[in-house]
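Enquirer: Quick one, query01.csv (CSV, C-alpha atoms):
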```csv
chain,number,residue,atom,x,y,z
A,200,MET,CA,0.0,0.0,0.0
A,201,ASN,CA,1.3,3.4,-0.9
A,202,PRO,CA,-0.2,6.6,0.6
A,203,ASP,CA,-2.0,9.2,-1.4
A,204,GLU,CA,0.0,12.4,-1.9
A,205,LYS,CA,-3.1,14.2,-0.4
A,206,ASN,CA,-3.3,12.0,2.7
A,207,HIS,CA,-3.8,14.9,5.2
A,208,THR,CA,-4.3,12.5,8.1
A,209,PHE,CA,-0.6,11.6,8.0
A,210,PRO,CA,1.1,14.7,6.5
A,211,PHE,CA,4.7,13.3,6.6
A,212,GLU,CA,3.6,10.3,4.6
A,213,GLU,CA,2.1,12.7,2.1
A,214,ARG,CA,5.4,14.5,1.8
A,215,CYS,CA,7.3,11.2,1.4
A,216,ALA,CA,4.9,10.1,-1.4
A,217,LYS,CA,5.6,13.4,-3.2
A,218,THR,CA,9.3,12.8,-2.8
A,219,LEU,CA,9.2,9.3,-4.2
A,220,GLY,CA,7.1,10.6,-7.0
A,221,GLU,CA,9.7,13.3,-7.8
A,222,ILE,CA,12.5,10.7,-7.8
A,223,ARG,CA,10.5,8.3,-10.1
A,224,SER,CA,9.6,11.1,-12.6
A,225,SER,CA,12.9,12.9,-12.8
A,226,SER,CA,14.7,12.6,-16.1
A,227,GLY,CA,18.0,13.0,-14.4
A,228,ILE,CA,17.7,10.0,-12.1
A,229,SER,CA,17.7,6.3,-12.7
A,230,VAL,CA,15.7,4.6,-9.9
A,231,SER,CA,16.4,1.1,-8.6
A,232,GLU,CA,14.0,1.4,-5.6
A,233,ALA,CA,11.4,3.9,-4.3
A,234,HIS,CA,8.8,2.3,-2.1
A,235,PHE,CA,6.8,2.1,1.1
A,236,GLY,CA,7.0,-1.1,3.1
A,237,ALA,CA,4.1,-2.8,4.8
A,238,ILE,CA,2.2,-1.3,7.6
A,239,PRO,CA,2.9,-3.4,10.8
A,240,ARG,CA,-0.2,-4.4,12.8
A,241,LEU,CA,-1.1,-1.9,15.5
A,242,LEU,CA,1.8,0.4,14.5
A,243,ASP,CA,-0.5,2.4,12.2
A,244,ASP,CA,-2.0,4.1,15.3
A,245,PRO,CA,0.2,7.1,16.4
A,246,VAL,CA,-1.6,7.3,19.8
A,247,PHE,CA,-0.7,3.7,20.6
A,248,VAL,CA,2.8,4.0,19.3
A,249,PHE,CA,3.8,7.1,21.2
A,250,GLU,CA,2.0,6.0,24.4
A,251,SER,CA,3.9,2.6,24.2
A,252,LEU,CA,7.2,4.4,23.6
A,253,ALA,CA,6.6,6.6,26.6
A,254,GLU,CA,5.4,3.8,28.9
A,255,ASP,CA,7.5,0.8,27.8
A,256,ASP,CA,10.8,2.6,26.8
A,257,GLY,CA,10.6,5.8,28.8
A,258,LEU,CA,10.5,7.9,25.7
A,259,PRO,CA,7.8,10.6,25.9
A,260,PHE,CA,8.6,12.1,22.5
A,261,SER,CA,7.6,15.7,21.9
A,262,PRO,CA,5.0,17.0,19.3
A,263,ALA,CA,8.0,18.0,17.2
A,264,VAL,CA,8.9,14.4,16.8
A,265,GLN,CA,5.4,13.1,16.6
A,266,GLN,CA,4.4,15.3,13.7
A,267,HIS,CA,6.8,13.3,11.5
A,268,PHE,CA,5.1,10.0,12.2
A,269,PHE,CA,4.6,7.5,9.4
A,270,ARG,CA,2.8,4.1,9.6
A,271,PHE,CA,5.0,2.1,7.3
A,272,GLY,CA,7.6,-0.3,8.6
A,273,ASP,CA,10.1,1.3,6.2
A,274,ILE,CA,10.3,3.9,3.5
A,275,ALA,CA,13.2,3.5,1.1
A,276,ALA,CA,14.8,4.8,-2.1
A,277,TYR,CA,17.9,4.0,-4.1
A,278,TRP,CA,18.9,5.9,-7.2
A,279,ARG,CA,21.7,7.1,-9.5
A,280,SER,CA,22.3,9.9,-11.9
A,281,THR,CA,21.5,9.2,-15.5
A,282,ASP,CA,24.5,11.2,-16.5
A,283,PRO,CA,27.2,8.6,-17.5
A,284,ASP,CA,29.9,11.0,-16.3
A,285,SER,CA,28.3,11.4,-12.9
A,286,GLU,CA,28.8,9.4,-9.8
A,287,LEU,CA,25.9,11.0,-8.0
A,288,VAL,CA,24.0,8.5,-6.0
A,289,GLY,CA,21.4,8.5,-3.2
A,290,GLU,CA,19.8,6.2,-0.8
A,291,PHE,CA,17.7,6.3,2.3
A,292,HIS,CA,15.9,3.6,4.4
A,293,LEU,CA,13.7,5.1,7.1
A,294,THR,CA,12.6,2.8,9.9
A,295,HIS,CA,9.4,3.1,11.9
A,296,LEU,CA,10.1,4.8,15.2
A,297,TYR,CA,8.7,1.8,17.1
A,298,SER,CA,11.0,-0.6,15.2
A,299,THR,CA,14.3,1.2,15.6
A,300,SER,CA,17.2,-1.0,16.8
A,301,LEU,CA,19.9,0.0,19.2
A,302,MET,CA,23.3,0.7,17.5
A,303,SER,CA,24.9,-1.5,20.1
A,304,TYR,CA,23.3,-4.5,18.4
A,305,THR,CA,25.3,-3.7,15.2
A,306,TRP,CA,28.5,-2.0,16.5
A,307,GLU,CA,30.1,-2.8,19.8
A,308,GLY,CA,32.3,0.2,20.0
A,309,THR,CA,36.1,0.4,20.6
A,310,ASN,CA,36.1,2.0,24.1
A,311,ASP,CA,33.9,2.6,27.1
A,312,TRP,CA,32.6,6.0,25.8
A,313,GLU,CA,31.5,4.4,22.5
A,314,ARG,CA,30.0,1.4,24.1
A,315,ASP,CA,27.9,3.6,26.5
A,316,LEU,CA,26.9,5.9,23.6
A,317,TYR,CA,25.9,3.1,21.3
A,318,ARG,CA,23.5,1.7,23.9
A,319,GLU,CA,21.6,5.0,23.7
A,320,LEU,CA,21.6,5.3,19.8
A,321,ARG,CA,18.6,4.0,17.9
A,322,ILE,CA,19.1,3.5,14.1
A,323,PHE,CA,16.3,5.1,12.0
A,324,ASP,CA,18.0,5.6,8.6
A,325,ASP,CA,20.6,3.5,6.9
A,326,THR,CA,22.1,2.5,3.5
A,327,PRO,CA,21.8,-1.2,2.9
A,328,ARG,CA,21.8,-1.0,-0.9
A,329,THR,CA,24.9,1.2,-1.4
A,330,GLY,CA,26.8,-0.4,1.4
A,331,THR,CA,28.4,2.8,2.5
A,332,GLY,CA,27.9,2.0,6.2
A,333,TYR,CA,26.2,5.3,6.8
A,334,MET,CA,23.6,5.3,9.6
A,335,ALA,CA,21.5,8.0,11.3
A,336,THR,CA,20.5,7.5,14.9
A,337,LEU,CA,18.5,9.0,17.6
A,338,ARG,CA,20.3,9.4,21.0
A,339,ALA,CA,17.4,8.4,23.2
A,340,PRO,CA,18.1,7.5,26.8
A,341,ARG,CA,15.1,7.1,29.0
A,342,GLY,CA,13.2,10.4,29.5
A,343,THR,CA,14.1,11.8,26.1
A,344,THR,CA,11.5,14.1,24.5
A,345,ASP,CA,13.7,15.6,21.7
A,346,PRO,CA,16.5,13.3,20.8
A,347,GLU,CA,19.9,14.3,19.6
A,348,ILE,CA,20.8,13.1,16.1
A,349,TRP,CA,24.1,11.3,15.6
A,350,PHE,CA,25.5,10.2,12.2
A,351,PHE,CA,27.7,7.1,11.9
A,352,ASP,CA,30.2,6.5,9.1
A,353,MET,CA,32.2,3.3,9.6
A,354,HIS,CA,35.3,5.0,8.3
A,355,ASN,CA,35.0,8.2,10.5
A,356,GLY,CA,33.1,7.0,13.4
A,357,VAL,CA,30.1,8.6,15.1
A,358,MET,CA,29.4,12.4,15.3
A,359,GLU,CA,26.6,14.6,16.5
A,360,MET,CA,24.7,16.4,13.9
A,361,ASP,CA,23.7,20.1,14.0
A,362,LEU,CA,19.9,19.4,13.6
A,363,ASP,CA,17.0,17.7,15.2
A,364,TYR,CA,14.9,14.7,14.1
A,365,GLY,CA,12.3,16.7,12.2
A,366,THR,CA,15.0,18.8,10.3
A,367,TYR,CA,16.8,15.6,9.5
A,368,LEU,CA,13.7,14.1,7.8
A,369,ASP,CA,12.9,17.4,6.1
A,370,THR,CA,16.4,17.7,4.7
A,371,LEU,CA,16.5,14.0,3.6
A,372,LEU,CA,13.4,14.6,1.5
A,373,VAL,CA,15.0,17.7,-0.2
A,374,THR,CA,18.3,16.0,-0.8
A,375,LYS,CA,16.6,12.7,-1.9
A,376,GLY,CA,19.1,10.9,0.3
A,377,THR,CA,22.1,12.0,-1.7
A,378,ILE,CA,25.0,10.0,-0.2
A,379,GLY,CA,26.9,12.1,2.4
A,380,TRP,CA,24.4,14.9,2.7
A,381,GLN,CA,24.6,14.5,6.5
A,382,TYR,CA,28.1,15.9,6.4
A,383,LEU,CA,26.6,19.3,5.7
A,384,PHE,CA,25.4,19.2,9.3
A,385,CYS,CA,28.6,17.7,10.8
A,386,ASP,CA,31.9,19.4,11.7
A,387,ALA,CA,34.0,16.4,10.5
A,388,GLY,CA,34.8,15.2,7.0
A,389,PHE,CA,35.6,18.0,4.7
A,390,GLY,CA,39.3,18.4,5.7
A,391,ASP,CA,40.0,14.7,5.0
A,392,PRO,CA,41.5,13.9,1.6
A,393,GLY,CA,39.5,10.7,1.5
A,394,PHE,CA,36.4,12.8,1.7
A,395,THR,CA,36.9,14.3,-1.8
A,396,PRO,CA,34.4,12.0,-3.6
A,397,VAL,CA,31.6,12.8,-1.1
A,398,ALA,CA,32.3,16.5,-1.3
A,399,LYS,CA,32.3,16.3,-5.1
A,400,GLY,CA,28.9,14.5,-5.0
A,401,LEU,CA,27.4,17.2,-2.7
A,402,LYS,CA,28.7,19.9,-4.9
A,403,GLU,CA,27.1,18.2,-8.0
A,404,MET,CA,23.8,17.7,-6.1
A,405,LEU,CA,23.6,21.4,-5.2
A,406,GLU,CA,24.3,22.4,-8.8
A,407,VAL,CA,21.9,19.9,-10.4
A,408,PHE,CA,19.0,19.6,-8.0
A,409,PRO,CA,17.7,23.2,-8.3
A,410,ARG,CA,17.1,22.4,-11.9
A,411,LEU,CA,15.7,18.9,-11.4
A,412,PHE,CA,13.5,19.9,-8.5
A,413,PRO,CA,12.7,23.6,-8.8
A,414,ASP,CA,10.0,23.5,-6.2
A,415,HIS,CA,12.6,23.1,-3.5
A,416,ASP,CA,14.9,25.7,-2.0
A,417,TYR,CA,18.6,24.6,-1.9
A,418,SER,CA,20.1,28.0,-0.9
A,419,GLY,CA,20.6,27.0,2.8
A,420,LEU,CA,22.4,23.8,1.8
A,421,GLN,CA,24.5,25.6,-0.7
A,422,ALA,CA,25.5,28.1,2.0
A,423,ARG,CA,26.5,25.2,4.3
A,424,LEU,CA,28.6,23.6,1.6
A,425,ARG,CA,30.4,26.9,1.0
A,426,GLU,CA,31.1,27.2,4.7
A,427,ARG,CA,32.7,23.7,4.8
A,428,MET,CA,34.6,23.9,1.5
```
Can I see the file as C-alpha coordinates?

Expert:
Amino acid sequence: MNPDEKNHTFPFEERCAKTLGEIRSSSGISVSEAHFGAIPRLLDDPVFVFESLAEDDGLPFSPAVQQHFFRFGDIAAYWRSTDPDSELVGEFHLTHLYSTSLMSYTWEGTNDWERDLYRELRIFDDTPRTGTGYMATLRAPRGTTDPEIWFFDMHNGVMEMDLDYGTYLDTLLVTKGTIGWQYLFCDAGFGDPGFTPVAKGLKEMLEVFPRLFPDHDYSGLQARLRERM
(Lines of atoms letter the chains of each structure in order from A and count residues from 1; the text may use other names and numbers.)
(Lines give C-alpha, C1' and ligand atoms only; values in the text may rest on other atoms or scores of the structure.)
Protein backbone atom coordinates (compact mmCIF):
# COMPACT_ATOMS: atom_id res chain seq x y z
CA MET A 1 0.00 0.00 0.00
CA ASN A 2 1.26 3.45 -0.92
CA PRO A 3 -0.23 6.58 0.63
CA ASP A 4 -1.98 9.17 -1.44
CA GLU A 5 -0.04 12.42 -1.89
CA LYS A 6 -3.11 14.18 -0.43
CA ASN A 7 -3.33 12.04 2.71
CA HIS A 8 -3.77 14.87 5.19
CA THR A 9 -4.28 12.49 8.11
CA PHE A 10 -0.59 11.59 7.96
CA PRO A 11 1.12 14.69 6.47
CA PHE A 12 4.67 13.32 6.61
CA GLU A 13 3.58 10.31 4.58
CA GLU A 14 2.08 12.72 2.08
CA ARG A 15 5.42 14.47 1.76
CA CYS A 16 7.26 11.16 1.40
CA ALA A 17 4.88 10.11 -1.36
CA LYS A 18 5.58 13.37 -3.16
CA THR A 19 9.34 12.84 -2.81
CA LEU A 20 9.20 9.29 -4.17
CA GLY A 21 7.10 10.60 -7.04
CA GLU A 22 9.70 13.28 -7.78
CA ILE A 23 12.46 10.67 -7.79
CA ARG A 24 10.55 8.33 -10.10
CA SER A 25 9.58 11.05 -12.57
CA SER A 26 12.90 12.91 -12.82
CA SER A 27 14.67 12.55 -16.15
CA GLY A 28 18.01 13.02 -14.39
CA ILE A 29 17.65 10.03 -12.07
CA SER A 30 17.65 6.29 -12.65
CA VAL A 31 15.66 4.63 -9.87
CA SER A 32 16.35 1.15 -8.56
CA GLU A 33 14.04 1.41 -5.55
CA ALA A 34 11.42 3.85 -4.30
CA HIS A 35 8.80 2.25 -2.11
CA PHE A 36 6.77 2.13 1.07
CA GLY A 37 7.01 -1.05 3.10
CA ALA A 38 4.14 -2.85 4.78
CA ILE A 39 2.18 -1.29 7.64
CA PRO A 40 2.86 -3.37 10.79
CA ARG A 41 -0.21 -4.39 12.76
CA LEU A 42 -1.05 -1.89 15.54
CA LEU A 43 1.78 0.44 14.50
CA ASP A 44 -0.51 2.43 12.23
CA ASP A 45 -1.97 4.14 15.30
CA PRO A 46 0.19 7.08 16.42
CA VAL A 47 -1.55 7.33 19.79
CA PHE A 48 -0.73 3.69 20.55
CA VAL A 49 2.84 4.03 19.25
CA PHE A 50 3.77 7.12 21.23
CA GLU A 51 2.00 5.97 24.39
CA SER A 52 3.86 2.65 24.15
CA LEU A 53 7.21 4.36 23.59
CA ALA A 54 6.57 6.56 26.62
CA GLU A 55 5.37 3.77 28.92
CA ASP A 56 7.53 0.85 27.78
CA ASP A 57 10.76 2.59 26.76
CA GLY A 58 10.55 5.78 28.81
CA LEU A 59 10.54 7.93 25.65
CA PRO A 60 7.83 10.62 25.87
CA PHE A 61 8.63 12.10 22.46
CA SER A 62 7.58 15.71 21.89
CA PRO A 63 5.02 16.95 19.34
CA ALA A 64 7.95 18.04 17.15
CA VAL A 65 8.92 14.36 16.80
CA GLN A 66 5.37 13.05 16.61
CA GLN A 67 4.41 15.27 13.66
CA HIS A 68 6.83 13.28 11.48
CA PHE A 69 5.07 9.99 12.23
CA PHE A 70 4.59 7.46 9.45
CA ARG A 71 2.81 4.11 9.61
CA PHE A 72 5.01 2.07 7.31
CA GLY A 73 7.64 -0.32 8.58
CA ASP A 74 10.10 1.35 6.24
CA ILE A 75 10.27 3.95 3.48
CA ALA A 76 13.17 3.51 1.07
CA ALA A 77 14.76 4.81 -2.11
CA TYR A 78 17.90 4.04 -4.07
CA TRP A 79 18.87 5.93 -7.23
CA ARG A 80 21.74 7.07 -9.47
CA SER A 81 22.26 9.95 -11.86
CA THR A 82 21.47 9.19 -15.51
CA ASP A 83 24.55 11.19 -16.54
CA PRO A 84 27.19 8.61 -17.54
CA ASP A 85 29.94 10.96 -16.33
CA SER A 86 28.34 11.41 -12.91
CA GLU A 87 28.82 9.35 -9.77
CA LEU A 88 25.91 11.03 -7.99
CA VAL A 89 23.96 8.45 -6.01
CA GLY A 90 21.40 8.52 -3.24
CA GLU A 91 19.80 6.18 -0.75
CA PHE A 92 17.65 6.32 2.32
CA HIS A 93 15.95 3.63 4.36
CA LEU A 94 13.75 5.09 7.08
CA THR A 95 12.59 2.81 9.87
CA HIS A 96 9.36 3.13 11.87
CA LEU A 97 10.08 4.78 15.24
CA TYR A 98 8.69 1.80 17.12
CA SER A 99 10.99 -0.57 15.20
CA THR A 100 14.33 1.20 15.57
CA SER A 101 17.17 -1.02 16.80
CA LEU A 102 19.94 -0.03 19.18
CA MET A 103 23.26 0.65 17.51
CA SER A 104 24.94 -1.54 20.12
CA TYR A 105 23.31 -4.54 18.39
CA THR A 106 25.31 -3.71 15.25
CA TRP A 107 28.50 -2.02 16.50
CA GLU A 108 30.05 -2.83 19.83
CA GLY A 109 32.33 0.21 20.05
CA THR A 110 36.07 0.42 20.61
CA ASN A 111 36.12 2.04 24.06
CA ASP A 112 33.87 2.59 27.08
CA TRP A 113 32.62 5.95 25.78
CA GLU A 114 31.50 4.44 22.47
CA ARG A 115 29.97 1.38 24.14
CA ASP A 116 27.92 3.57 26.48
CA LEU A 117 26.87 5.87 23.64
CA TYR A 118 25.87 3.06 21.28
CA ARG A 119 23.49 1.70 23.93
CA GLU A 120 21.61 5.02 23.66
CA LEU A 121 21.56 5.31 19.85
CA ARG A 122 18.59 4.00 17.86
CA ILE A 123 19.07 3.54 14.10
CA PHE A 124 16.30 5.15 12.03
CA ASP A 125 17.97 5.65 8.62
CA ASP A 126 20.65 3.52 6.92
CA THR A 127 22.05 2.54 3.52
CA PRO A 128 21.76 -1.23 2.94
CA ARG A 129 21.81 -1.04 -0.87
CA THR A 130 24.87 1.17 -1.44
CA GLY A 131 26.82 -0.44 1.40
CA THR A 132 28.36 2.84 2.51
CA GLY A 133 27.92 1.96 6.17
CA TYR A 134 26.17 5.28 6.83
CA MET A 135 23.56 5.32 9.59
CA ALA A 136 21.54 8.05 11.27
CA THR A 137 20.53 7.49 14.86
CA LEU A 138 18.48 9.02 17.65
CA ARG A 139 20.26 9.44 20.95
CA ALA A 140 17.39 8.42 23.15
CA PRO A 141 18.12 7.50 26.77
CA ARG A 142 15.07 7.12 29.00
CA GLY A 143 13.23 10.40 29.55
CA THR A 144 14.11 11.83 26.14
CA THR A 145 11.55 14.13 24.55
CA ASP A 146 13.65 15.63 21.74
CA PRO A 147 16.51 13.29 20.84
CA GLU A 148 19.92 14.31 19.59
CA ILE A 149 20.77 13.10 16.08
CA TRP A 150 24.08 11.28 15.58
CA PHE A 151 25.52 10.20 12.24
CA PHE A 152 27.71 7.13 11.87
CA ASP A 153 30.24 6.52 9.12
CA MET A 154 32.19 3.31 9.60
CA HIS A 155 35.35 5.05 8.35
CA ASN A 156 35.05 8.20 10.46
CA GLY A 157 33.06 6.98 13.44
CA VAL A 158 30.08 8.63 15.08
CA MET A 159 29.43 12.37 15.27
CA GLU A 160 26.61 14.57 16.53
CA MET A 161 24.68 16.43 13.85
CA ASP A 162 23.66 20.07 14.02
CA LEU A 163 19.93 19.42 13.58
CA ASP A 164 16.95 17.73 15.20
CA TYR A 165 14.87 14.73 14.12
CA GLY A 166 12.33 16.74 12.16
CA THR A 167 14.97 18.77 10.34
CA TYR A 168 16.82 15.57 9.48
CA LEU A 169 13.73 14.12 7.81
CA ASP A 170 12.85 17.40 6.11
CA THR A 171 16.38 17.68 4.69
CA LEU A 172 16.46 14.05 3.61
CA LEU A 173 13.39 14.65 1.46
CA VAL A 174 14.96 17.70 -0.18
CA THR A 175 18.29 15.96 -0.84
CA LYS A 176 16.56 12.72 -1.87
CA GLY A 177 19.09 10.91 0.30
CA THR A 178 22.15 11.96 -1.72
CA ILE A 179 25.03 10.01 -0.22
CA GLY A 180 26.87 12.07 2.38
CA TRP A 181 24.35 14.92 2.68
CA GLN A 182 24.55 14.49 6.45
CA TYR A 183 28.07 15.94 6.42
CA LEU A 184 26.56 19.33 5.67
CA PHE A 185 25.42 19.22 9.31
CA CYS A 186 28.61 17.74 10.81
CA ASP A 187 31.94 19.35 11.69
CA ALA A 188 34.00 16.38 10.50
CA GLY A 189 34.84 15.16 7.03
CA PHE A 190 35.64 18.03 4.71
CA GLY A 191 39.31 18.37 5.67
CA ASP A 192 40.04 14.70 5.04
CA PRO A 193 41.55 13.94 1.58
CA GLY A 194 39.53 10.70 1.53
CA PHE A 195 36.37 12.77 1.73
CA THR A 196 36.87 14.27 -1.76
CA PRO A 197 34.36 11.96 -3.56
CA VAL A 198 31.61 12.79 -1.07
CA ALA A 199 32.32 16.52 -1.30
CA LYS A 200 32.25 16.26 -5.10
CA GLY A 201 28.89 14.53 -4.96
CA LEU A 202 27.42 17.18 -2.67
CA LYS A 203 28.69 19.94 -4.95
CA GLU A 204 27.10 18.25 -7.95
CA MET A 205 23.83 17.71 -6.10
CA LEU A 206 23.57 21.38 -5.24
CA GLU A 207 24.32 22.37 -8.81
CA VAL A 208 21.92 19.90 -10.44
CA PHE A 209 19.00 19.57 -8.02
CA PRO A 210 17.75 23.17 -8.25
CA ARG A 211 17.13 22.43 -11.94
CA LEU A 212 15.72 18.91 -11.45
CA PHE A 213 13.53 19.87 -8.48
CA PRO A 214 12.72 23.59 -8.84
CA ASP A 215 9.97 23.47 -6.20
CA HIS A 216 12.60 23.08 -3.46
CA ASP A 217 14.91 25.72 -1.99
CA TYR A 218 18.56 24.63 -1.90
CA SER A 219 20.07 27.97 -0.87
CA GLY A 220 20.55 26.98 2.79
CA LEU A 221 22.36 23.78 1.85
CA GLN A 222 24.47 25.63 -0.70
CA ALA A 223 25.53 28.06 2.04
CA ARG A 224 26.47 25.17 4.32
CA LEU A 225 28.59 23.62 1.58
CA ARG A 226 30.41 26.91 0.97
CA GLU A 227 31.15 27.19 4.69
CA ARG A 228 32.68 23.73 4.76
CA MET A 229 34.64 23.91 1.51

Enquirer: Skip stretch 345-358 of chain A itself and residues of its chain fewer than 5 positions away, then list as a ChimeraX atom specification all residues within 9 Å of it, counting only C-alpha atoms.

Expert: /A:259-261,263-264,313,320,331-340,363-364,367,381-382,385-388

Enquirer: Can you check which parts of stretch 308-424 of chain A lie within 9 Å of stretch 277-284 of chain A? Per residue, the shortest pair of atoms and distance in Å to one decimal, counting all atoms listed in the file, sorted by chain and number, as JSON lines.

Expert:
```
{"residue": "A:Thr326", "atom": "CA", "partner": "A:Tyr277", "partner_atom": "CA", "distance": 8.8}
{"residue": "A:Arg328", "atom": "CA", "partner": "A:Tyr277", "partner_atom": "CA", "distance": 7.1}
{"residue": "A:Thr329", "atom": "CA", "partner": "A:Tyr277", "partner_atom": "CA", "distance": 8.0}
{"residue": "A:Lys375", "atom": "CA", "partner": "A:Trp278", "partner_atom": "CA", "distance": 8.9}
{"residue": "A:Gly376", "atom": "CA", "partner": "A:Tyr277", "partner_atom": "CA", "distance": 8.3}
{"residue": "A:Thr377", "atom": "CA", "partner": "A:Trp278", "partner_atom": "CA", "distance": 8.8}
```

Enquirer: Have a look at atom CA of A:Pro262 and atom CA of A:Gly365 and let me know their distance in Å, one decimal.

Expert: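 Answer for the atom CA of A:Pro262 to atom CA of A:Gly365 separation: 10.2 Å.
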
Enquirer: Need the shell around A:His415: protein/DNA/RNA residues with any atom at most 10 Å away, counting all atoms listed in the file. Skip same-chain ones fewer than 5 positions apart. Format as a PyMOL selection string?

Expert: chain A and resi 372-374+408-410

Enquirer: Counting only C-alpha atoms, what is within 9 Å of A:Leu401, bar same-chain residues fewer than 2 positions away, as a count of residues only?

Expert: 15

Enquirer: Could you model N, CA and C atoms for stretch 364-387 of chain A and present them as a short mmCIF file (atom, residue, chain, number, x, y, z; two decimals), keeping the file's coordinate frame?

Expert:
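Result went into part_19.cif, see below:
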```cif
data_model
loop_
_atom_site.label_atom_id
_atom_site.label_comp_id
_atom_site.auth_asym_id
_atom_site.auth_seq_id
_atom_site.Cartn_x
_atom_site.Cartn_y
_atom_site.Cartn_z
N TYR A 364 15.48 15.84 14.87
CA TYR A 364 14.90 14.70 14.10
C TYR A 364 14.02 15.25 12.95
N GLY A 365 13.19 16.23 13.22
CA GLY A 365 12.30 16.70 12.20
C GLY A 365 13.12 17.37 11.03
N THR A 366 14.15 18.13 11.38
CA THR A 366 15.00 18.80 10.30
C THR A 366 15.74 17.74 9.54
N TYR A 367 16.16 16.65 10.21
CA TYR A 367 16.80 15.60 9.50
C TYR A 367 15.88 15.03 8.40
N LEU A 368 14.66 14.70 8.77
CA LEU A 368 13.70 14.10 7.80
C LEU A 368 13.36 15.12 6.72
N ASP A 369 13.17 16.38 7.10
CA ASP A 369 12.90 17.40 6.10
C ASP A 369 13.98 17.53 5.09
N THR A 370 15.23 17.52 5.57
CA THR A 370 16.40 17.70 4.70
C THR A 370 16.60 16.45 3.82
N LEU A 371 16.35 15.28 4.39
CA LEU A 371 16.50 14.00 3.60
C LEU A 371 15.53 14.09 2.40
N LEU A 372 14.32 14.59 2.58
CA LEU A 372 13.40 14.60 1.50
C LEU A 372 13.86 15.62 0.39
N VAL A 373 14.47 16.71 0.79
CA VAL A 373 15.00 17.70 -0.20
C VAL A 373 16.18 17.17 -0.93
N THR A 374 17.07 16.48 -0.22
CA THR A 374 18.30 16.00 -0.80
C THR A 374 18.06 14.63 -1.54
N LYS A 375 16.89 14.03 -1.32
CA LYS A 375 16.60 12.70 -1.90
C LYS A 375 17.53 11.64 -1.39
N GLY A 376 18.17 11.90 -0.25
CA GLY A 376 19.10 10.90 0.30
C GLY A 376 20.44 10.88 -0.39
N THR A 377 20.83 11.93 -1.08
CA THR A 377 22.10 12.00 -1.70
C THR A 377 23.22 11.52 -0.73
N ILE A 378 24.05 10.58 -1.13
CA ILE A 378 25.00 10.00 -0.20
C ILE A 378 25.95 11.10 0.36
N GLY A 379 26.00 11.13 1.68
CA GLY A 379 26.90 12.10 2.40
C GLY A 379 26.24 13.41 2.70
N TRP A 380 24.95 13.62 2.40
CA TRP A 380 24.40 14.90 2.70
C TRP A 380 24.44 15.27 4.16
N GLN A 381 24.51 14.25 5.00
CA GLN A 381 24.60 14.50 6.50
C GLN A 381 25.79 15.30 6.86
N TYR A 382 26.86 15.20 6.08
CA TYR A 382 28.10 15.90 6.40
C TYR A 382 27.89 17.45 6.34
N LEU A 383 26.85 17.90 5.67
CA LEU A 383 26.60 19.30 5.70
C LEU A 383 26.16 19.81 7.06
N PHE A 384 25.84 18.87 7.95
CA PHE A 384 25.40 19.20 9.30
C PHE A 384 26.38 18.63 10.35
N CYS A 385 27.58 18.26 9.91
CA CYS A 385 28.60 17.70 10.80
C CYS A 385 29.87 18.59 10.68
N ASP A 386 30.68 18.61 11.74
CA ASP A 386 31.90 19.40 11.70
C ASP A 386 33.04 18.56 11.02
N ALA A 387 32.93 17.24 11.02
CA ALA A 387 34.00 16.40 10.50
C ALA A 387 33.86 16.17 9.01
#
```
